[in-house]
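Enquirer: If it helps, the file is called model-v6.cif and holds mmCIF, C-alpha atoms:
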```
data_structure
#
loop_
_atom_site.group_PDB
_atom_site.id
_atom_site.type_symbol
_atom_site.label_atom_id
_atom_site.label_comp_id
_atom_site.auth_asym_id
_atom_site.auth_seq_id
_atom_site.Cartn_x
_atom_site.Cartn_y
_atom_site.Cartn_z
ATOM 1 C CA MET A 1 52.494 -7.863 56.979
ATOM 2 C CA THR A 2 49.102 -8.819 58.082
ATOM 3 C CA PHE A 3 45.943 -6.917 57.450
ATOM 4 C CA HIS A 4 45.674 -5.916 61.127
ATOM 5 C CA ARG A 5 49.159 -4.394 61.186
ATOM 6 C CA LEU A 6 48.521 -2.501 57.941
ATOM 7 C CA ILE A 7 45.381 -0.941 59.397
ATOM 8 C CA SER A 8 47.039 -0.072 62.672
ATOM 9 C CA LYS A 9 49.716 1.902 60.834
ATOM 10 C CA LEU A 10 47.057 4.164 59.268
ATOM 11 C CA SER A 11 45.855 7.148 61.173
ATOM 12 C CA VAL A 12 42.280 7.389 62.413
ATOM 13 C CA ARG A 13 41.559 10.173 59.946
ATOM 14 C CA THR A 14 42.740 8.004 57.015
ATOM 15 C CA ARG A 15 40.649 5.092 58.276
ATOM 16 C CA ILE A 16 37.517 7.279 58.478
ATOM 17 C CA ILE A 17 38.113 8.683 54.973
ATOM 18 C CA THR A 18 38.601 5.144 53.624
ATOM 19 C CA ILE A 19 35.403 3.918 55.295
ATOM 20 C CA ALA A 20 33.472 6.925 53.903
ATOM 21 C CA PHE A 21 34.919 6.400 50.428
ATOM 22 C CA ILE A 22 33.710 2.753 50.151
ATOM 23 C CA PRO A 23 29.978 3.677 49.828
ATOM 24 C CA VAL A 24 30.871 6.349 47.294
ATOM 25 C CA LEU A 25 32.569 3.660 45.170
ATOM 26 C CA GLY A 26 29.476 1.463 45.561
ATOM 27 C CA LEU A 27 27.174 4.284 44.428
ATOM 28 C CA LEU A 28 29.451 4.964 41.471
ATOM 29 C CA ALA A 29 29.329 1.292 40.419
ATOM 30 C CA ASN A 30 25.549 1.281 40.859
ATOM 31 C CA GLY A 31 25.225 4.425 38.693
ATOM 32 C CA LEU A 32 27.352 2.901 35.921
ATOM 33 C CA ALA A 33 25.220 -0.250 35.938
ATOM 34 C CA PHE A 34 22.031 1.847 35.806
ATOM 35 C CA THR A 35 23.317 3.959 32.907
ATOM 36 C CA SER A 36 24.371 0.968 30.837
ATOM 37 C CA GLY A 37 21.006 -0.735 31.557
ATOM 38 C CA GLU A 38 19.131 2.388 30.516
ATOM 39 C CA THR A 39 21.083 2.505 27.249
ATOM 40 C CA GLU A 40 20.185 -1.129 26.571
ATOM 41 C CA VAL A 41 16.501 -0.433 27.302
ATOM 42 C CA GLN A 42 16.504 2.567 24.952
ATOM 43 C CA SER A 43 18.137 0.424 22.288
ATOM 44 C CA ALA A 44 15.476 -2.250 22.790
ATOM 45 C CA PHE A 45 12.677 0.328 22.487
ATOM 46 C CA GLY A 46 14.320 1.652 19.319
ATOM 47 C CA SER A 47 14.400 -1.881 17.895
ATOM 48 C CA VAL A 48 10.731 -2.360 18.748
ATOM 49 C CA GLY A 49 9.902 0.963 17.076
ATOM 50 C CA GLU A 50 11.759 -0.089 13.923
ATOM 51 C CA ALA A 51 10.004 -3.459 13.982
ATOM 52 C CA ASN A 52 6.629 -1.709 14.268
ATOM 53 C CA ALA A 53 7.474 0.628 11.387
ATOM 54 C CA LEU A 54 8.606 -2.365 9.332
ATOM 55 C CA ALA A 55 5.396 -4.243 10.120
ATOM 56 C CA ASP A 56 3.257 -1.188 9.260
ATOM 57 C CA ALA A 57 5.060 -0.648 5.951
ATOM 58 C CA SER A 58 4.755 -4.338 5.129
ATOM 59 C CA ARG A 59 1.034 -4.308 5.960
ATOM 60 C CA ASP A 60 0.527 -1.173 3.839
ATOM 61 C CA PHE A 61 2.364 -2.792 0.921
ATOM 62 C CA LYS A 62 0.281 -5.950 1.176
ATOM 63 C CA GLY A 63 -2.935 -3.910 1.299
ATOM 64 C CA ALA A 64 -1.851 -1.797 -1.671
ATOM 65 C CA VAL A 65 -1.059 -4.875 -3.766
ATOM 66 C CA HIS A 66 -4.435 -6.345 -2.832
ATOM 67 C CA ALA A 67 -6.170 -3.074 -3.782
ATOM 68 C CA MET A 68 -4.349 -3.027 -7.140
ATOM 69 C CA ARG A 69 -5.472 -6.602 -7.794
ATOM 70 C CA ALA A 70 -9.081 -5.829 -6.867
ATOM 71 C CA SER A 71 -9.082 -2.669 -9.014
ATOM 72 C CA THR A 72 -7.737 -4.621 -11.975
ATOM 73 C CA VAL A 73 -10.344 -7.380 -11.654
ATOM 74 C CA ASP A 74 -13.157 -4.841 -11.244
ATOM 75 C CA PHE A 75 -11.832 -2.758 -14.139
ATOM 76 C CA ALA A 76 -11.811 -5.796 -16.421
ATOM 77 C CA ALA A 77 -15.443 -6.495 -15.488
ATOM 78 C CA ARG A 78 -16.760 -2.906 -15.328
ATOM 79 C CA PRO A 79 -14.284 -0.348 -16.657
ATOM 80 C CA SER A 80 -14.485 3.087 -15.096
ATOM 81 C CA ARG A 81 -12.265 6.065 -14.432
ATOM 82 C CA GLU A 82 -12.774 5.660 -10.671
ATOM 83 C CA LEU A 83 -11.157 2.216 -10.827
ATOM 84 C CA ILE A 84 -8.204 3.692 -12.722
ATOM 85 C CA LYS A 85 -7.799 6.279 -9.944
ATOM 86 C CA SER A 86 -8.121 3.547 -7.317
ATOM 87 C CA PHE A 87 -5.379 1.506 -8.997
ATOM 88 C CA GLN A 88 -3.099 4.530 -9.303
ATOM 89 C CA ASP A 89 -3.593 5.434 -5.623
ATOM 90 C CA ALA A 90 -2.837 1.858 -4.570
ATOM 91 C CA HIS A 91 0.233 1.841 -6.817
ATOM 92 C CA ALA A 92 1.556 5.036 -5.216
ATOM 93 C CA LEU A 93 0.956 3.590 -1.737
ATOM 94 C CA SER A 94 2.801 0.401 -2.670
ATOM 95 C CA LEU A 95 5.823 2.381 -3.888
ATOM 96 C CA ASN A 96 5.836 4.505 -0.708
ATOM 97 C CA SER A 97 5.633 1.364 1.411
ATOM 98 C CA LEU A 98 8.520 -0.200 -0.509
ATOM 99 C CA ALA A 99 10.607 2.945 0.015
ATOM 100 C CA THR A 100 9.901 2.760 3.749
ATOM 101 C CA LEU A 101 10.809 -0.931 3.785
ATOM 102 C CA GLU A 102 14.066 -0.249 1.929
ATOM 103 C CA ALA A 103 14.992 2.386 4.511
ATOM 104 C CA LEU A 104 14.383 -0.028 7.394
ATOM 105 C CA VAL A 105 15.895 -3.326 6.205
ATOM 106 C CA ALA A 106 19.493 -4.434 6.121
ATOM 107 C CA ALA A 107 21.566 -3.933 2.989
ATOM 108 C CA SER A 108 21.507 -7.663 2.228
ATOM 109 C CA GLU A 109 17.709 -7.609 1.876
ATOM 110 C CA LYS A 110 17.467 -4.465 -0.274
ATOM 111 C CA SER A 111 18.071 -6.412 -3.503
ATOM 112 C CA GLU A 112 14.892 -8.423 -2.926
ATOM 113 C CA LEU A 113 12.953 -5.205 -2.370
ATOM 114 C CA SER A 114 14.286 -3.707 -5.591
ATOM 115 C CA LEU A 115 12.951 -6.791 -7.413
ATOM 116 C CA LEU A 116 9.558 -6.133 -5.829
ATOM 117 C CA SER A 117 9.749 -2.523 -6.951
ATOM 118 C CA HIS A 118 10.371 -3.647 -10.529
ATOM 119 C CA ARG A 119 7.437 -6.054 -10.362
ATOM 120 C CA VAL A 120 5.147 -3.276 -9.090
ATOM 121 C CA GLN A 121 6.288 -1.098 -12.000
ATOM 122 C CA ASP A 122 5.504 -3.995 -14.361
ATOM 123 C CA LEU A 123 2.012 -4.175 -12.856
ATOM 124 C CA LEU A 124 1.528 -0.491 -13.648
ATOM 125 C CA ALA A 125 2.741 -0.988 -17.222
ATOM 126 C CA ASN A 126 0.342 -3.911 -17.718
ATOM 127 C CA PHE A 127 -2.550 -1.948 -16.235
ATOM 128 C CA ASN A 128 -1.752 1.020 -18.492
ATOM 129 C CA LEU A 129 -1.849 -1.372 -21.460
ATOM 130 C CA LEU A 130 -5.240 -2.627 -20.259
ATOM 131 C CA ILE A 131 -6.461 0.976 -19.993
ATOM 132 C CA SER A 132 -5.349 1.816 -23.539
ATOM 133 C CA GLU A 133 -7.066 -1.299 -24.901
ATOM 134 C CA GLN A 134 -10.215 -0.480 -22.974
ATOM 135 C CA GLN A 135 -10.155 3.096 -24.279
ATOM 136 C CA SER A 136 -10.035 1.850 -27.849
ATOM 137 C CA LEU A 137 -12.881 -0.552 -27.057
ATOM 138 C CA GLY A 138 -14.774 2.123 -25.132
ATOM 139 C CA PHE A 139 -15.673 2.595 -21.478
ATOM 140 C CA SER A 140 -19.381 2.658 -22.307
ATOM 141 C CA GLU A 141 -21.688 1.792 -25.181
ATOM 142 C CA SER A 142 -21.281 5.319 -26.571
ATOM 143 C CA GLU A 143 -17.466 5.294 -26.818
ATOM 144 C CA GLY A 144 -14.829 3.686 -29.022
ATOM 145 C CA ILE A 145 -15.364 0.503 -30.992
ATOM 146 C CA ARG A 146 -18.520 -0.270 -29.015
ATOM 147 C CA ALA A 147 -20.122 2.981 -30.236
ATOM 148 C CA ARG A 148 -19.157 2.244 -33.841
ATOM 149 C CA MET A 149 -20.607 -1.262 -33.525
ATOM 150 C CA GLN A 150 -23.859 0.163 -32.106
ATOM 151 C CA GLN A 151 -24.031 2.671 -34.924
ATOM 152 C CA ALA A 152 -23.375 0.012 -37.552
ATOM 153 C CA ALA A 153 -26.085 -2.222 -36.094
ATOM 154 C CA ARG A 154 -28.781 0.488 -36.391
ATOM 155 C CA PRO A 155 -30.776 0.576 -39.632
ATOM 156 C CA SER A 156 -29.410 3.429 -41.693
ATOM 157 C CA SER A 157 -31.715 3.594 -44.720
ATOM 158 C CA ALA A 158 -35.373 4.610 -44.825
ATOM 159 C CA SER A 159 -36.297 1.438 -46.696
ATOM 160 C CA SER A 160 -35.342 -0.774 -43.787
ATOM 161 C CA ALA A 161 -37.377 1.282 -41.296
ATOM 162 C CA ARG A 162 -40.997 0.262 -40.837
ATOM 163 C CA THR A 163 -43.826 2.676 -40.154
ATOM 164 C CA CYS A 164 -46.791 1.969 -37.906
ATOM 165 C CA ARG A 165 -50.067 2.340 -39.874
ATOM 166 C CA GLY A 166 -52.034 3.274 -36.768
ATOM 167 C CA CYS A 167 -49.927 6.210 -35.622
ATOM 168 C CA ALA A 168 -47.632 6.796 -38.660
ATOM 169 C CA SER A 169 -44.536 6.618 -36.519
ATOM 170 C CA ARG A 170 -41.330 4.784 -37.259
ATOM 171 C CA THR A 171 -40.703 4.254 -33.551
ATOM 172 C CA CYS A 172 -44.110 3.464 -32.148
ATOM 173 C CA ARG A 173 -43.831 2.836 -28.422
ATOM 174 C CA ASN A 174 -46.746 0.450 -28.642
ATOM 175 C CA SER A 175 -45.230 -1.653 -31.375
ATOM 176 C CA SER A 176 -43.467 -4.948 -31.195
ATOM 177 C CA SER A 177 -41.267 -6.206 -33.971
ATOM 178 C CA ARG A 178 -44.255 -7.283 -36.163
ATOM 179 C CA SER A 179 -47.257 -5.245 -35.064
ATOM 180 C CA CYS A 180 -48.346 -2.596 -32.610
ATOM 181 C CA ARG A 181 -51.468 -1.996 -30.535
ATOM 182 C CA CYS A 182 -52.568 0.973 -32.569
ATOM 183 C CA GLY A 183 -52.309 -0.825 -35.905
ATOM 184 C CA ALA A 184 -50.237 -3.197 -37.952
ATOM 185 C CA MET A 185 -46.723 -2.292 -39.009
ATOM 186 C CA ARG A 186 -46.160 -1.776 -42.768
#
```
Let me see the file written as structure tokens.

Expert:
Amino acid sequence: MTFHRLISKLSVRTRIITIAFIPVLGLLANGLAFTSGETEVQSAFGSVGEANALADASRDFKGAVHAMRASTVDFAARPSRELIKSFQDAHALSLNSLATLEALVAASEKSELSLLSHRVQDLLANFNLLISEQQSLGFSESEGIRARMQQAARPSSASSARTCRGCASRTCRNSSSRSCRCGAMR
């Protein structure tokens, strides 16, 4: 049977319904293509969002490690409680960033992040050791070993103190080590 004979056997009503049904099939195919494309676009936007979150967490971790390093160097040069707080804040930020990174990366990469977490904990332990050593040494001249050294260096007996003859003071503000302006030291 040829195509022409097949069509001629159909009634006019069937032919009209068939012709009307063809655009409906086209619209259905177009809708399916649109829906699958939209799903792919949403998936791509989700991937970009995860990549941004990963980049932000990575940047935060890098900044926190840099801040811990700077706090440690500054603390070694000029110990202060503010630098301890700065280190502790940076340490907390680094751990939060690592937790975010662990949530976003694949399972195969999580072992490397756990190694980083252990190294950050080691940094905290080393810094705490530095703090305890600095506390025993003293944060200022009036604390710890430094205070005891200052106290030991001061003359403690009356015989070693010298009195200014001009003003009869042991601590004449006008005096130098050998004499003062108001009179000679005894």

Enquirer: Let me make sure I understand: among A:Gln88, A:Ser71, A:Gln135, A:Ser97, which one has the smallest atom-to-atom distance to Leu116 (chain A) if we use all atoms listed in the file?

Expert: A:Ser97

Enquirer: Mind pulling up the distance from CA of His91 (chain A) to CA of Thr72 (chain A)?

Expert: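 Here the two named atoms are 11.5 Å from each other.
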
Enquirer: Where's the centre, and what are the edge lengths in Å to one decimal, of a box along x, y and z enclosing all listed atoms of region 72-78 of chain A padded 6 Å per side, as JSON?

Expert:
```
{"center_x": -12.2, "center_y": -5.1, "center_z": -13.8, "size_x": 21.0, "size_y": 16.6, "size_z": 17.2}
```

Enquirer: Please, what distance in Å, to one decimal, runs between CA of Asp122 (chain A) and CA of Val65 (chain A)?

Expert: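 CA of Val65 (chain A) lies at a distance of 12.5 Å from CA of Asp122 (chain A).
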
Enquirer: So, with all atoms listed in the file as the atoms that count, which of A:Pro23, A:Gly63, A:Gly138, A:Gly31 lies closest to Ser80 (chain A)?

Expert: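 The closest residue to Ser80 (chain A) is A:Gly138.
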
Enquirer: Please indicate the distance in Å from CA of Thr100 (chain A) to CA of Ala57 (chain A), rounded to one decimal place.

Expert: 6.3 Å
